[in-house]
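Peer 1: The structure file my_file_19.cif (mmCIF, C-alpha atoms and all ligand atoms) is provided below.
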```
data_my_file
#
loop_
_atom_site.label_atom_id
_atom_site.label_comp_id
_atom_site.auth_asym_id
_atom_site.auth_seq_id
_atom_site.Cartn_x
_atom_site.Cartn_y
_atom_site.Cartn_z
CA MET A 3 71.26 87.83 -53.74
CA PRO A 4 69.19 89.82 -56.32
CA ASP A 5 70.82 93.09 -57.26
CA VAL A 6 69.60 96.56 -58.25
CA LEU A 7 71.43 99.26 -60.17
CA ILE A 8 70.37 102.86 -59.52
CA LEU A 9 71.52 105.37 -62.13
CA GLY A 10 71.78 108.87 -60.65
CA GLY A 11 72.36 110.22 -57.14
CA GLY A 12 69.79 113.02 -57.12
CA PHE A 13 66.29 113.17 -55.60
CA GLY A 14 65.08 110.07 -57.46
CA GLY A 15 68.15 107.89 -57.03
CA LEU A 16 68.59 108.70 -53.33
CA ALA A 17 64.91 108.22 -52.45
CA ALA A 18 64.91 104.82 -54.22
CA ALA A 19 68.15 103.72 -52.54
CA ARG A 20 66.76 104.63 -49.14
CA GLU A 21 63.42 102.87 -49.77
CA LEU A 22 65.08 99.67 -50.96
CA ARG A 23 67.75 99.61 -48.25
CA ALA A 24 65.31 100.28 -45.42
CA ALA A 25 62.89 97.53 -46.44
CA HIS A 26 65.11 94.88 -48.03
CA ALA A 27 68.30 93.54 -46.45
CA ASP A 28 68.03 90.78 -49.07
CA LEU A 29 68.92 93.10 -52.00
CA ASP A 30 72.30 94.19 -53.22
CA ILE A 31 72.09 97.90 -54.17
CA THR A 32 74.56 99.93 -56.23
CA LEU A 33 74.12 103.63 -57.06
CA VAL A 34 76.17 105.26 -59.84
CA SER A 35 76.56 109.01 -60.17
CA ARG A 36 78.83 111.46 -61.94
CA ASP A 37 78.43 113.92 -59.05
CA ASP A 38 80.00 112.90 -55.75
CA HIS A 39 77.68 115.12 -53.72
CA PHE A 40 74.03 116.11 -53.47
CA TYR A 41 72.14 119.27 -52.61
CA MET A 42 68.55 120.26 -53.32
CA GLY A 43 67.91 122.70 -56.18
CA PHE A 44 66.34 125.29 -53.91
CA ALA A 45 69.55 125.40 -51.84
CA LYS A 46 71.06 127.38 -54.75
CA LEU A 47 68.41 130.08 -54.34
CA TRP A 48 68.99 130.14 -50.57
CA ASP A 49 72.65 130.77 -51.31
CA LEU A 50 71.78 133.53 -53.80
CA ALA A 51 69.36 135.13 -51.34
CA GLY A 52 71.91 135.00 -48.50
CA THR A 53 69.69 132.64 -46.46
CA ARG A 54 72.41 129.97 -46.19
CA PRO A 55 75.60 129.08 -48.14
CA LEU A 56 75.22 126.13 -50.52
CA ALA A 57 77.74 124.08 -48.52
CA GLY A 58 75.27 124.00 -45.61
CA GLY A 59 72.86 121.84 -47.64
CA THR A 60 75.46 119.67 -49.38
CA ARG A 61 76.15 116.02 -48.49
CA ALA A 62 78.72 113.53 -49.84
CA LEU A 63 77.28 110.60 -51.78
CA ALA A 64 80.07 108.43 -50.29
CA ASP A 65 77.91 108.47 -47.13
CA LEU A 66 75.59 106.02 -48.91
CA GLU A 67 78.13 103.31 -48.10
CA THR A 68 77.54 103.74 -44.34
CA GLY A 69 73.91 102.86 -44.96
CA GLY A 70 74.81 99.73 -46.94
CA VAL A 71 74.46 101.06 -50.50
CA ARG A 72 77.49 100.67 -52.77
CA PHE A 73 78.40 104.02 -54.35
CA VAL A 74 80.20 104.16 -57.69
CA HIS A 75 81.43 107.64 -58.55
CA ALA A 76 81.55 107.38 -62.34
CA ASP A 77 80.23 108.78 -65.59
CA ILE A 78 77.79 106.50 -67.39
CA SER A 79 78.64 106.43 -71.10
CA ALA A 80 76.12 103.83 -72.32
CA ILE A 81 72.94 102.19 -71.05
CA ASP A 82 71.71 98.82 -72.37
CA PRO A 83 68.13 98.59 -71.10
CA ALA A 84 67.55 95.14 -72.66
CA GLY A 85 70.62 93.77 -70.86
CA CYS A 86 69.96 95.79 -67.68
CA SER A 87 73.53 97.02 -67.78
CA VAL A 88 75.66 100.14 -68.19
CA GLU A 89 79.14 101.14 -69.31
CA THR A 90 80.87 103.60 -67.01
CA THR A 91 84.27 105.23 -66.60
CA LYS A 92 84.84 102.64 -63.84
CA GLY A 93 83.82 99.64 -66.00
CA SER A 94 80.63 97.71 -66.83
CA LEU A 95 77.87 97.10 -64.33
CA SER A 96 74.78 94.93 -64.62
CA ALA A 97 71.95 93.88 -62.32
CA ASP A 98 68.59 92.13 -62.14
CA ALA A 99 66.75 95.48 -62.11
CA MET A 100 67.65 99.05 -62.94
CA LEU A 101 66.24 102.46 -62.04
CA VAL A 102 67.05 105.35 -64.39
CA ALA A 103 67.06 108.61 -62.43
CA LEU A 104 69.60 110.63 -64.40
CA GLY A 105 67.77 113.97 -64.26
CA ALA A 106 67.93 116.53 -67.05
CA GLY A 107 70.49 119.00 -68.29
CA PRO A 108 70.31 122.46 -69.86
CA SER A 109 69.47 122.84 -73.55
CA PRO A 110 72.83 123.40 -75.32
CA ALA A 111 71.24 126.11 -77.51
CA HIS A 112 70.06 127.99 -74.42
CA ARG A 113 73.44 127.64 -72.72
CA ALA A 114 74.97 129.17 -75.85
CA LEU A 115 72.58 132.16 -75.55
CA LEU A 116 74.02 132.76 -72.06
CA ASP A 117 77.65 132.55 -73.13
CA HIS A 118 78.45 136.19 -72.22
CA GLU A 119 80.11 137.80 -69.22
CA SER A 120 76.90 139.72 -68.50
CA ALA A 121 74.70 136.58 -68.57
CA HIS A 122 74.42 133.61 -66.18
CA ASP A 123 72.62 130.27 -65.99
CA LEU A 124 70.45 130.81 -62.90
CA TYR A 125 70.24 127.03 -62.39
CA ASP A 126 73.98 126.31 -62.47
CA GLY A 127 75.44 126.19 -58.95
CA ARG A 128 78.92 126.86 -60.35
CA GLU A 129 77.74 130.32 -61.43
CA LEU A 130 76.71 131.39 -57.93
CA PRO A 131 79.91 133.40 -57.23
CA ALA A 132 79.49 135.33 -60.53
CA MET A 133 75.79 135.94 -59.80
CA HIS A 134 76.62 137.22 -56.30
CA GLU A 135 79.16 139.56 -57.82
CA ALA A 136 76.68 140.86 -60.38
CA LEU A 137 74.12 141.59 -57.64
CA ASP A 138 76.74 143.17 -55.37
CA THR A 139 78.12 145.50 -58.04
CA ILE A 140 75.13 146.51 -60.18
CA GLU A 141 74.35 150.22 -59.69
CA ASP A 142 71.70 150.92 -62.32
CA GLY A 143 69.83 149.28 -65.21
CA ARG A 144 67.80 146.13 -64.80
CA VAL A 145 68.27 142.57 -63.55
CA LEU A 146 66.39 140.37 -66.00
CA VAL A 147 65.43 136.78 -65.17
CA SER A 148 64.53 135.04 -68.43
CA ILE A 149 62.89 131.66 -68.84
CA LEU A 150 64.36 130.63 -72.18
CA GLY A 151 62.04 127.74 -73.03
CA GLY A 152 60.26 124.69 -71.69
CA PRO A 153 60.05 122.36 -70.05
CA PHE A 154 62.25 123.78 -67.33
CA LYS A 155 62.96 122.49 -63.82
CA CYS A 156 60.89 123.66 -60.89
CA PRO A 157 58.35 126.03 -62.50
CA PRO A 158 58.15 128.43 -59.51
CA ALA A 159 61.95 128.83 -59.13
CA PRO A 160 62.54 131.67 -61.66
CA PHE A 161 59.76 133.71 -60.02
CA GLU A 162 61.14 132.97 -56.56
CA ALA A 163 64.53 134.14 -57.85
CA ALA A 164 63.11 137.43 -59.18
CA LEU A 165 61.46 138.13 -55.81
CA LEU A 166 64.61 137.24 -53.87
CA ILE A 167 66.72 139.44 -56.14
CA ASP A 168 64.26 142.30 -55.62
CA GLU A 169 64.62 141.82 -51.86
CA ARG A 170 68.40 141.80 -52.08
CA LEU A 171 68.48 145.02 -54.14
CA ARG A 172 66.08 146.68 -51.71
CA ALA A 173 68.48 145.79 -48.90
CA ARG A 174 71.22 147.59 -50.84
CA GLY A 175 68.90 150.61 -51.13
CA LEU A 176 69.03 150.46 -54.92
CA ARG A 177 65.55 149.58 -56.05
CA ASP A 178 64.76 153.10 -57.29
CA ARG A 179 67.76 152.82 -59.67
CA VAL A 180 67.86 149.10 -60.53
CA GLY A 181 64.80 147.47 -62.07
CA VAL A 182 63.88 143.79 -61.79
CA ALA A 183 62.04 141.99 -64.58
CA ILE A 184 61.14 138.44 -65.55
CA SER A 185 60.32 137.11 -69.01
CA THR A 186 58.58 133.87 -69.87
CA PRO A 187 57.45 132.32 -73.16
CA GLN A 188 54.32 131.15 -71.32
CA PRO A 189 51.09 133.18 -71.28
CA VAL A 190 50.85 133.12 -67.47
CA THR A 191 53.34 132.66 -64.65
CA LEU A 192 52.58 129.09 -63.51
CA PRO A 193 50.42 127.21 -66.05
CA VAL A 194 51.18 123.85 -64.39
CA ALA A 195 49.73 125.01 -61.06
CA GLY A 196 46.58 126.57 -62.55
CA PRO A 197 45.09 130.06 -62.85
CA ASP A 198 44.83 130.82 -59.10
CA ALA A 199 48.51 130.16 -58.49
CA SER A 200 49.43 132.13 -61.62
CA ARG A 201 47.42 135.15 -60.47
CA TYR A 202 48.90 134.84 -56.99
CA VAL A 203 52.45 134.99 -58.35
CA ALA A 204 51.63 137.82 -60.79
CA GLY A 205 50.12 139.77 -57.86
CA PHE A 206 53.35 139.48 -55.87
CA LEU A 207 55.42 140.56 -58.85
CA ALA A 208 53.22 143.63 -59.38
CA GLU A 209 53.27 144.49 -55.67
CA ARG A 210 57.06 144.45 -55.76
CA ASP A 211 57.24 146.45 -58.98
CA ILE A 212 58.79 143.55 -60.90
CA GLU A 213 58.03 143.82 -64.62
CA LEU A 214 56.54 140.68 -66.19
CA PHE A 215 57.09 140.01 -69.89
CA ALA A 216 54.70 137.11 -70.65
CA GLU A 217 54.56 135.30 -74.00
CA SER A 218 58.07 136.61 -74.59
CA LYS A 219 60.51 134.08 -75.95
CA VAL A 220 64.13 135.20 -76.01
CA GLN A 221 65.46 134.91 -79.54
CA ALA A 222 68.88 136.52 -79.15
CA VAL A 223 71.14 137.93 -76.46
CA ASP A 224 73.51 140.81 -77.16
CA GLY A 225 75.95 140.28 -74.32
CA ALA A 226 78.13 143.31 -75.07
CA GLY A 227 75.18 145.65 -75.64
CA ARG A 228 73.32 144.02 -72.71
CA ALA A 229 69.96 143.52 -74.40
CA VAL A 230 67.71 140.59 -75.25
CA THR A 231 65.53 140.39 -78.35
CA PHE A 232 62.23 138.57 -78.08
CA ALA A 233 60.61 136.56 -80.88
CA ASP A 234 58.26 139.48 -81.72
CA GLY A 235 61.30 141.69 -82.44
CA SER A 236 61.04 143.83 -79.30
CA THR A 237 64.14 144.34 -77.15
CA VAL A 238 64.76 144.80 -73.44
CA ASP A 239 67.97 146.15 -71.90
CA TYR A 240 69.57 144.49 -68.92
CA GLY A 241 72.44 145.11 -66.55
CA ALA A 242 72.61 141.44 -65.53
CA LEU A 243 70.81 138.53 -67.18
CA PHE A 244 69.93 135.39 -65.22
CA GLY A 245 68.63 132.83 -67.74
CA VAL A 246 66.79 129.58 -67.18
CA PRO A 247 67.54 127.11 -69.98
CA ALA A 248 64.96 124.53 -71.04
CA ALA A 249 65.71 121.07 -69.72
CA VAL A 250 66.70 118.21 -72.01
CA ALA A 251 67.22 114.51 -71.27
CA PRO A 252 70.90 113.54 -70.76
CA PRO A 253 72.51 112.41 -74.07
CA VAL A 254 73.29 108.96 -72.60
CA VAL A 255 69.56 108.43 -71.97
CA VAL A 256 68.61 109.56 -75.49
CA LYS A 257 71.25 107.22 -76.99
CA SER A 258 69.97 104.25 -74.98
CA GLY A 259 66.72 103.84 -76.93
CA LEU A 260 64.71 104.44 -73.74
CA THR A 261 63.24 107.76 -74.92
CA ALA A 262 60.03 108.30 -76.89
CA GLU A 263 59.38 110.90 -79.61
CA SER A 264 59.01 113.53 -76.89
CA GLY A 265 62.76 113.17 -76.24
CA TRP A 266 62.03 111.84 -72.73
CA ILE A 267 61.52 108.41 -71.15
CA GLU A 268 57.76 107.85 -70.85
CA PRO A 269 57.27 105.18 -68.18
CA ASP A 270 53.87 103.92 -67.07
CA ARG A 271 52.59 106.82 -64.96
CA HIS A 272 51.32 104.55 -62.17
CA THR A 273 54.11 101.96 -61.92
CA LEU A 274 57.06 103.91 -63.42
CA ALA A 275 57.97 100.77 -65.42
CA THR A 276 59.48 101.25 -68.88
CA GLU A 277 58.85 98.88 -71.77
CA PHE A 278 62.07 97.01 -70.85
CA GLU A 279 61.71 94.26 -68.29
CA GLY A 280 63.09 95.22 -64.89
CA VAL A 281 63.86 98.81 -65.97
CA TYR A 282 62.10 101.71 -64.27
CA ALA A 283 62.50 105.47 -64.76
CA VAL A 284 61.66 108.47 -62.54
CA GLY A 285 62.19 112.19 -62.18
CA ASP A 286 63.40 114.85 -64.55
CA CYS A 287 64.50 112.39 -67.28
CA THR A 288 60.86 111.32 -67.74
CA TRP A 289 57.78 112.82 -69.37
CA ILE A 290 54.67 111.83 -67.44
CA ALA A 291 51.51 113.00 -69.16
CA THR A 292 48.71 114.74 -67.28
CA ALA A 293 45.37 116.06 -68.58
CA GLN A 294 46.92 119.37 -69.56
CA GLY A 295 50.60 118.68 -70.08
CA ALA A 296 53.05 116.80 -67.92
CA LEU A 297 54.11 116.48 -64.29
CA PRO A 298 56.41 119.31 -63.27
CA LYS A 299 60.12 118.59 -63.24
CA ALA A 300 60.49 118.83 -59.48
CA GLY A 301 62.45 116.96 -56.86
CA VAL A 302 59.38 116.30 -54.76
CA PHE A 303 57.83 114.39 -57.67
CA ALA A 304 61.09 112.60 -58.52
CA ALA A 305 61.36 111.37 -54.93
CA ALA A 306 57.70 110.27 -54.68
CA GLU A 307 57.92 108.39 -57.99
CA ALA A 308 61.18 106.79 -56.86
CA VAL A 309 59.59 105.31 -53.74
CA VAL A 310 56.89 103.71 -55.93
CA ALA A 311 59.45 102.45 -58.47
CA ALA A 312 61.59 101.01 -55.66
CA ARG A 313 58.61 99.12 -54.25
CA ASN A 314 57.82 97.73 -57.69
CA ILE A 315 61.43 96.67 -58.20
CA ALA A 316 61.27 94.85 -54.85
CA ALA A 317 57.95 93.27 -55.89
CA ASP A 318 59.60 91.94 -59.07
CA LEU A 319 62.69 90.64 -57.28
CA VAL A 320 61.49 89.39 -53.90
CA GLY A 321 57.72 89.26 -54.25
CA THR A 322 56.69 92.06 -51.84
CA GLU A 323 53.62 94.29 -52.42
CA PRO A 324 53.79 96.48 -55.54
CA ALA A 325 52.80 100.18 -55.43
CA ARG A 326 51.09 102.76 -57.65
CA PHE A 327 51.82 106.49 -58.02
CA ASP A 328 48.55 108.41 -57.85
CA GLY A 329 49.78 111.80 -59.16
CA HIS A 330 49.44 113.61 -55.84
CA GLY A 331 52.20 116.09 -55.22
CA TYR A 332 53.10 119.56 -54.13
CA CYS A 333 55.41 122.50 -54.80
CA TYR A 334 56.83 125.10 -52.46
CA LEU A 335 56.62 128.68 -53.67
CA GLU A 336 59.06 130.75 -51.67
CA LEU A 337 58.46 134.45 -51.13
CA PRO A 338 60.64 137.08 -49.47
CA GLY A 339 60.72 137.29 -45.68
CA GLU A 340 61.06 133.52 -45.15
CA LYS A 341 57.52 132.76 -46.27
CA VAL A 342 56.36 129.86 -48.40
CA ALA A 343 53.08 129.29 -50.24
CA PHE A 344 52.08 125.69 -50.86
CA VAL A 345 50.63 124.36 -54.12
CA GLU A 346 49.23 120.89 -53.63
CA GLY A 347 46.86 118.47 -55.30
CA ASP A 348 46.05 115.67 -57.68
CA PHE A 349 48.05 116.28 -60.82
CA TYR A 350 46.46 113.21 -62.52
CA ALA A 351 42.88 114.56 -62.09
CA GLU A 352 40.68 114.90 -65.20
CA PRO A 353 39.77 117.07 -67.06
CA ARG A 354 42.49 119.19 -65.43
CA PRO A 355 44.87 118.83 -62.47
CA ASP A 356 43.04 119.58 -59.21
CA VAL A 357 45.54 121.84 -57.46
CA GLN A 358 45.01 124.19 -54.48
CA LEU A 359 47.17 126.99 -53.21
CA THR A 360 47.68 127.77 -49.52
CA GLU A 361 48.79 131.37 -48.96
CA ALA A 362 52.35 132.03 -47.86
CA ASP A 363 53.35 131.95 -44.21
CA HIS A 364 56.43 131.32 -42.09
CA GLU A 365 55.23 127.90 -40.90
CA GLN A 366 55.35 126.61 -44.45
CA PHE A 367 58.87 128.01 -44.80
CA GLN A 368 59.78 125.93 -41.74
CA ALA A 369 58.10 122.90 -43.34
CA LYS A 370 60.30 123.39 -46.41
CA GLN A 371 63.40 123.55 -44.19
CA ALA A 372 62.24 120.38 -42.42
CA TYR A 373 61.63 118.64 -45.77
CA GLU A 374 65.25 119.27 -46.70
CA GLN A 375 66.75 118.25 -43.34
CA GLU A 376 64.64 115.11 -42.97
CA ARG A 377 65.47 113.89 -46.49
CA LEU A 378 69.18 114.70 -46.23
CA SER A 379 69.45 112.78 -43.00
CA ALA A 380 67.29 109.84 -44.16
CA TRP A 381 69.16 109.56 -47.46
CA LEU A 382 72.73 110.36 -46.51
CA ASP A 383 73.50 110.58 -42.78
C1 LIG B 1 67.12 126.63 -58.66
C2 LIG B 1 66.29 125.38 -58.51
C3 LIG B 1 65.31 125.33 -57.53
C4 LIG B 1 64.54 124.18 -57.38
N1 LIG B 1 63.60 124.14 -56.39
C5 LIG B 1 62.85 123.04 -56.22
C6 LIG B 1 61.86 122.97 -55.19
O1 LIG B 1 61.67 123.94 -54.42
N2 LIG B 1 61.13 121.84 -55.08
C7 LIG B 1 61.32 120.78 -55.92
O2 LIG B 1 60.63 119.77 -55.77
N3 LIG B 1 62.23 120.81 -56.92
C8 LIG B 1 63.01 121.89 -57.09
N4 LIG B 1 63.93 121.95 -58.10
C9 LIG B 1 63.98 120.86 -59.09
C10 LIG B 1 64.78 119.65 -58.63
O3 LIG B 1 66.11 120.02 -58.28
C11 LIG B 1 64.82 118.60 -59.74
O4 LIG B 1 63.54 118.41 -60.26
C12 LIG B 1 65.34 117.29 -59.17
O5 LIG B 1 66.72 117.42 -58.88
C13 LIG B 1 65.12 116.11 -60.11
O6 LIG B 1 65.56 114.94 -59.49
P1 LIG B 1 66.18 113.75 -60.37
O7 LIG B 1 66.53 112.67 -59.43
O8 LIG B 1 65.29 113.44 -61.50
O9 LIG B 1 67.51 114.37 -61.02
P2 LIG B 1 68.74 115.05 -60.31
O10 LIG B 1 68.45 115.40 -58.91
O11 LIG B 1 69.20 116.12 -61.24
O12 LIG B 1 69.84 113.89 -60.30
C14 LIG B 1 70.44 113.40 -61.48
C15 LIG B 1 71.64 112.54 -61.10
O13 LIG B 1 72.12 111.86 -62.28
C16 LIG B 1 73.53 112.00 -62.34
N5 LIG B 1 73.94 111.90 -63.75
C17 LIG B 1 73.43 112.54 -64.82
N6 LIG B 1 74.02 112.13 -65.96
C18 LIG B 1 74.94 111.18 -65.59
C19 LIG B 1 75.85 110.35 -66.30
N7 LIG B 1 75.98 110.39 -67.64
N8 LIG B 1 76.62 109.49 -65.58
C20 LIG B 1 76.52 109.43 -64.23
N9 LIG B 1 75.65 110.17 -63.51
C21 LIG B 1 74.88 111.05 -64.18
C22 LIG B 1 73.82 113.36 -61.71
O14 LIG B 1 75.18 113.41 -61.29
C23 LIG B 1 72.82 113.33 -60.54
O15 LIG B 1 73.38 112.61 -59.45
C24 LIG B 1 64.74 123.07 -58.24
C25 LIG B 1 65.73 123.12 -59.23
C26 LIG B 1 66.51 124.26 -59.36
C27 LIG B 1 67.60 124.28 -60.42
#
```
Could you write out this file's structure as structure tokens?
Ligand SMILES: Cc1cc2nc3c(=O)[nH]c(=O)nc-3n(C[C@H](O)[C@H](O)[C@H](O)COP(=O)(O)OP(=O)(O)OC[C@H]3O[C@@H](n4cnc5c(N)ncnc54)[C@H](O)[C@@H]3O)c2cc1C
Peer 2:
Amino acid sequence: MPDVLILGGGFGGLAAARELRAAHADLDITLVSRDDHFYMGFAKLWDLAGTRPLAGGTRALADLETGGVRFVHADISAIDPAGCSVETTKGSLSADAMLVALGAGPSPAHRALLDHESAHDLYDGRELPAMHEALDTIEDGRVLVSILGGPFKCPPAPFEAALLIDERLRARGLRDRVGVAISTPQPVTLPVAGPDASRYVAGFLAERDIELFAESKVQAVDGAGRAVTFADGSTVDYGALFGVPAAVAPPVVVKSGLTAESGWIEPDRHTLATEFEGVYAVGDCTWIATAQGALPKAGVFAAAEAVVAARNIAADLVGTEPARFDGHGYCYLELPGEKVAFVEGDFYAEPRPDVQLTEADHEQFQAKQAYEQERLSAWLD
């Protein structure tokens, strides 16, 4: 029986496993992941906002076995794309085809900037208890959300976080004493989603009295003095700093020879095939060029690409119909009061992505909840 190795148990790996298992009883599928559980990135913000504890959106990857996918809980230490094989802490594995969906990690330099008691990595689920404590105990000063560099995962998430933090401080009756601010090295809030979406977000920030420091790259963090210095030499004080590190490809991917000069795997943007026969790559570990940059590092894109890659793997192995990714995708932009705006369109359009924004409402918040529940149950129940 032809076999497939899926590297990574996140959005990309799980969507591919599900697609292959549902359509092909004649394939042997193994998924390898260092994490033994999965939750969606936005579940961390729901925990921070008090919408729902993280555990409520977490599923065990061992549940893959019930659906007929072999799960190997192991760390991958080497990838041989020419041999379609990997070395792991549980031994060597090889297959007829391989999907690389290993995501991205935080820039080590940016993690080092946040190595202070007063600073936190907003994107690290393990820091949620410390972030809750900071928001529960702050009495004055400013909560500063800082995007430390790009590319970073889920472009709207830092802005969503600033708005949710504002809401939480309002609930504590503290907003006249505690400021909320967000800094970004980018000139506008959401360049990847276009000028309308950027203005929309900036409007919400202004309405909520959240300061926006645009074109402000954090150069240094004084953890004891609680201040950041931007590249232009100006400084901003903070009471609590929630940083968003730039994303980098996992070291094991960089070592494998799969990455291009960009530091990312650059598969064919329609088929997701790499230059190595039988090896495909999707999600945050890739760089997929668009007319004005690259596809956002977002789970929705990782999952959509993975379905296409899975169909192409099946086409190679058992001769079924291949598929093409057309660059259509969407992002949820969550606002306080359980409302979600929707940014959707053709990210491959020329001369610029053709993306439209639908204003926030509660129905779209419910659609986001349904997206999570439907995927969790299709992938892992
Ligand atoms: C706060 C926050 C909010 C977000 N909100 C949204 C949102 O609203 N919508 C959206 O679309 N996206 C959102 N995202 C982004 C989304 O989470 C990522 O884009 C998505 O997880 C990428 O999927 P992936 O499959 O490429 O990688 P991941 O989901 O990160 O999966 C990577 C997998 O590889 C495994 N792995 C990595 N290295 C190794 C190794 N050496 N050995 C073994 N296993 C390894 C990991 O354990 C993991 O299972 C958000 C992210 C954050 C942080």
Peer 1: Quick one: of A:Ala317, A:Leu16, A:Ile78, A:Ala164, who's nearest to ligand LIG 1 (chain B), counting all atoms listed in the file?
Peer 2: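 Nearest to ligand LIG 1 (chain B): A:Ile78.
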Peer 1: Counting all atoms listed in the file, which residue out of A:Gly295, A:Ala380, A:Val320, A:Ser218 sits closest to Ala351 (chain A)?
Peer 2: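 That would be A:Gly295, the residue with the smallest distance to Ala351 (chain A).
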Peer 1: Pick out the closest residue to ligand LIG 1 (chain B) from this set: A:Gly127, A:Gly265, A:Gly58, A:Gly93. Count all atoms listed in the file.
Peer 2: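 Smallest separation from ligand LIG 1 (chain B) among the options: A:Gly127.
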Peer 1: Neighbourhood query: residues within 10 Å of (69.7, 142.3, -68.5), file coordinates, counting only C-alpha atoms; return as a list in words.
Peer 2: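 Checked against the point, the hits come out as Ser120, Ala121, Gly143, Arg144, Val145, Leu146, Val147, Ser148, Gly181, Val182, Ala183, Ile184, Val223, Asp224, Gly225, Gly227, Arg228, Ala229, Val230, Val238, Asp239, Tyr240, Gly241, Ala242, Leu243, Phe244 and Gly245 of chain A.
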Peer 1: Using all atoms listed in the file, can you tell me which of A:Tyr334, A:Tyr202, A:Phe349, A:Tyr373 comes closest to ligand LIG 1 (chain B)?
Peer 2: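 Of A:Tyr334, A:Tyr202, A:Phe349, A:Tyr373, the one nearest ligand LIG 1 (chain B) is A:Tyr334, counting all atoms listed in the file.
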Peer 1: Interatomic distance between CA of Ser79 (chain A) and CA of Pro110 (chain A)?
Peer 2: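 One can read the CA of Ser79 (chain A) to CA of Pro110 (chain A) distance as 18.4 Å.
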Peer 1: For each of A:Ser236, A:Gln294, A:Thr91, A:Ser200, take the minimum atom-to-atom distance to ligand LIG 1 (chain B), counting only C-alpha atoms and all ligand atoms, then give the residue where this is smallest.
Peer 2: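 Comparing A:Ser236, A:Gln294, A:Thr91, A:Ser200 against ligand LIG 1 (chain B), the winner is A:Thr91.
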Peer 1: Go through the chains and note each residue within 6 Å of ligand LIG 1 (chain B), using all atoms listed in the file, then give the set as a ChimeraX atom specification.
Peer 2: /A:10-15,35-37,42-44,46-47,76-79,103-106,125,155-156,159,252,254,285-287,299-302,304,333-334
Peer 1: Once you count all atoms listed in the file, what closest atom pair and distance in Å to one decimal does each residue of region 358-382 of chain A within 12 Å of region 64-67 of chain A have, with rows by chain and rising residue number, as CSV?
Peer 2:
```
residue,atom,partner,partner_atom,distance
A:Leu378,CA,A:Asp65,CA,10.8
A:Ser379,CA,A:Asp65,CA,10.4
A:Ala380,CA,A:Leu66,CA,10.3
A:Trp381,CA,A:Leu66,CA,7.5
A:Leu382,CA,A:Asp65,CA,5.5
```
Peer 1: Which one is closest to Glu346 (chain A): A:Gly280, A:Gly321, A:Gly196, A:Pro189? Count all atoms listed in the file.
Peer 2: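 Once distances to Glu346 (chain A) are computed over all atoms listed in the file, the minimum belongs to A:Gly196.
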Peer 1: Find the residues around Val246 (chain A) up to 9 Å (all atoms listed in the file counted), leave out those fewer than 6 positions away in its own chain, and share them as a ChimeraX atom specification.
Peer 2: /A:108,112-113,122-125,147-151,154-155,160
Peer 1: List as a VMD selection string the protein and nucleic acid residues near Val190 (chain A), meaning an atom at most 9 Å away when all atoms listed in the file are counted, but skip any in the same chain fewer than 3 places from it.
Peer 2: chain A and resid 186 to 187 193 197 200 to 201 204 216 to 217
Peer 1: For the residues selected in the previous step, produce a file with C-alpha atoms as a short mmCIF file (atom, residue, chain, number, x, y, z; two decimals), in the frame of the given file.
Peer 2:
```
data_model
loop_
_atom_site.label_atom_id
_atom_site.label_comp_id
_atom_site.auth_asym_id
_atom_site.auth_seq_id
_atom_site.Cartn_x
_atom_site.Cartn_y
_atom_site.Cartn_z
CA THR A 186 58.58 133.87 -69.87
CA PRO A 187 57.45 132.32 -73.16
CA PRO A 193 50.42 127.21 -66.05
CA PRO A 197 45.09 130.06 -62.85
CA SER A 200 49.43 132.13 -61.62
CA ARG A 201 47.42 135.15 -60.47
CA ALA A 204 51.63 137.82 -60.79
CA ALA A 216 54.70 137.11 -70.65
CA GLU A 217 54.56 135.30 -74.00
#
```
Peer 1: Enter the distance from CA of Gln188 (chain A) to CA of Lys219 (chain A), in Å, rounded to one decimal.
Peer 2: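 A separation of 8.3 Å between them.
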Peer 1: Please produce region 248-252 of chain A, completed to N, CA, C and O atoms, as a PDB file, in the frame of the given file.
Peer 2:
```pdb
ATOM      1  N   ALA A 248      65.869 125.688 -71.015  1.00  0.00           N
ATOM      2  CA  ALA A 248      64.960 124.530 -71.040  1.00  0.00           C
ATOM      3  C   ALA A 248      65.766 123.304 -70.646  1.00  0.00           C
ATOM      4  O   ALA A 248      66.986 123.259 -70.807  1.00  0.00           O
ATOM      5  N   ALA A 249      65.053 122.320 -70.105  1.00  0.00           N
ATOM      6  CA  ALA A 249      65.710 121.070 -69.720  1.00  0.00           C
ATOM      7  C   ALA A 249      65.648 120.079 -70.878  1.00  0.00           C
ATOM      8  O   ALA A 249      64.649 120.036 -71.603  1.00  0.00           O
ATOM      9  N   VAL A 250      66.706 119.306 -71.025  1.00  0.00           N
ATOM     10  CA  VAL A 250      66.700 118.210 -72.010  1.00  0.00           C
ATOM     11  C   VAL A 250      67.205 116.940 -71.318  1.00  0.00           C
ATOM     12  O   VAL A 250      67.955 117.004 -70.349  1.00  0.00           O
ATOM     13  N   ALA A 251      66.782 115.785 -71.852  1.00  0.00           N
ATOM     14  CA  ALA A 251      67.220 114.510 -71.270  1.00  0.00           C
ATOM     15  C   ALA A 251      68.727 114.354 -71.502  1.00  0.00           C
ATOM     16  O   ALA A 251      69.246 114.797 -72.533  1.00  0.00           O
ATOM     17  N   PRO A 252      69.453 113.740 -70.567  1.00  0.00           N
ATOM     18  CA  PRO A 252      70.900 113.540 -70.760  1.00  0.00           C
ATOM     19  C   PRO A 252      71.158 112.738 -72.047  1.00  0.00           C
ATOM     20  O   PRO A 252      70.414 111.791 -72.354  1.00  0.00           O
TER      21      PRO A 252
END
```
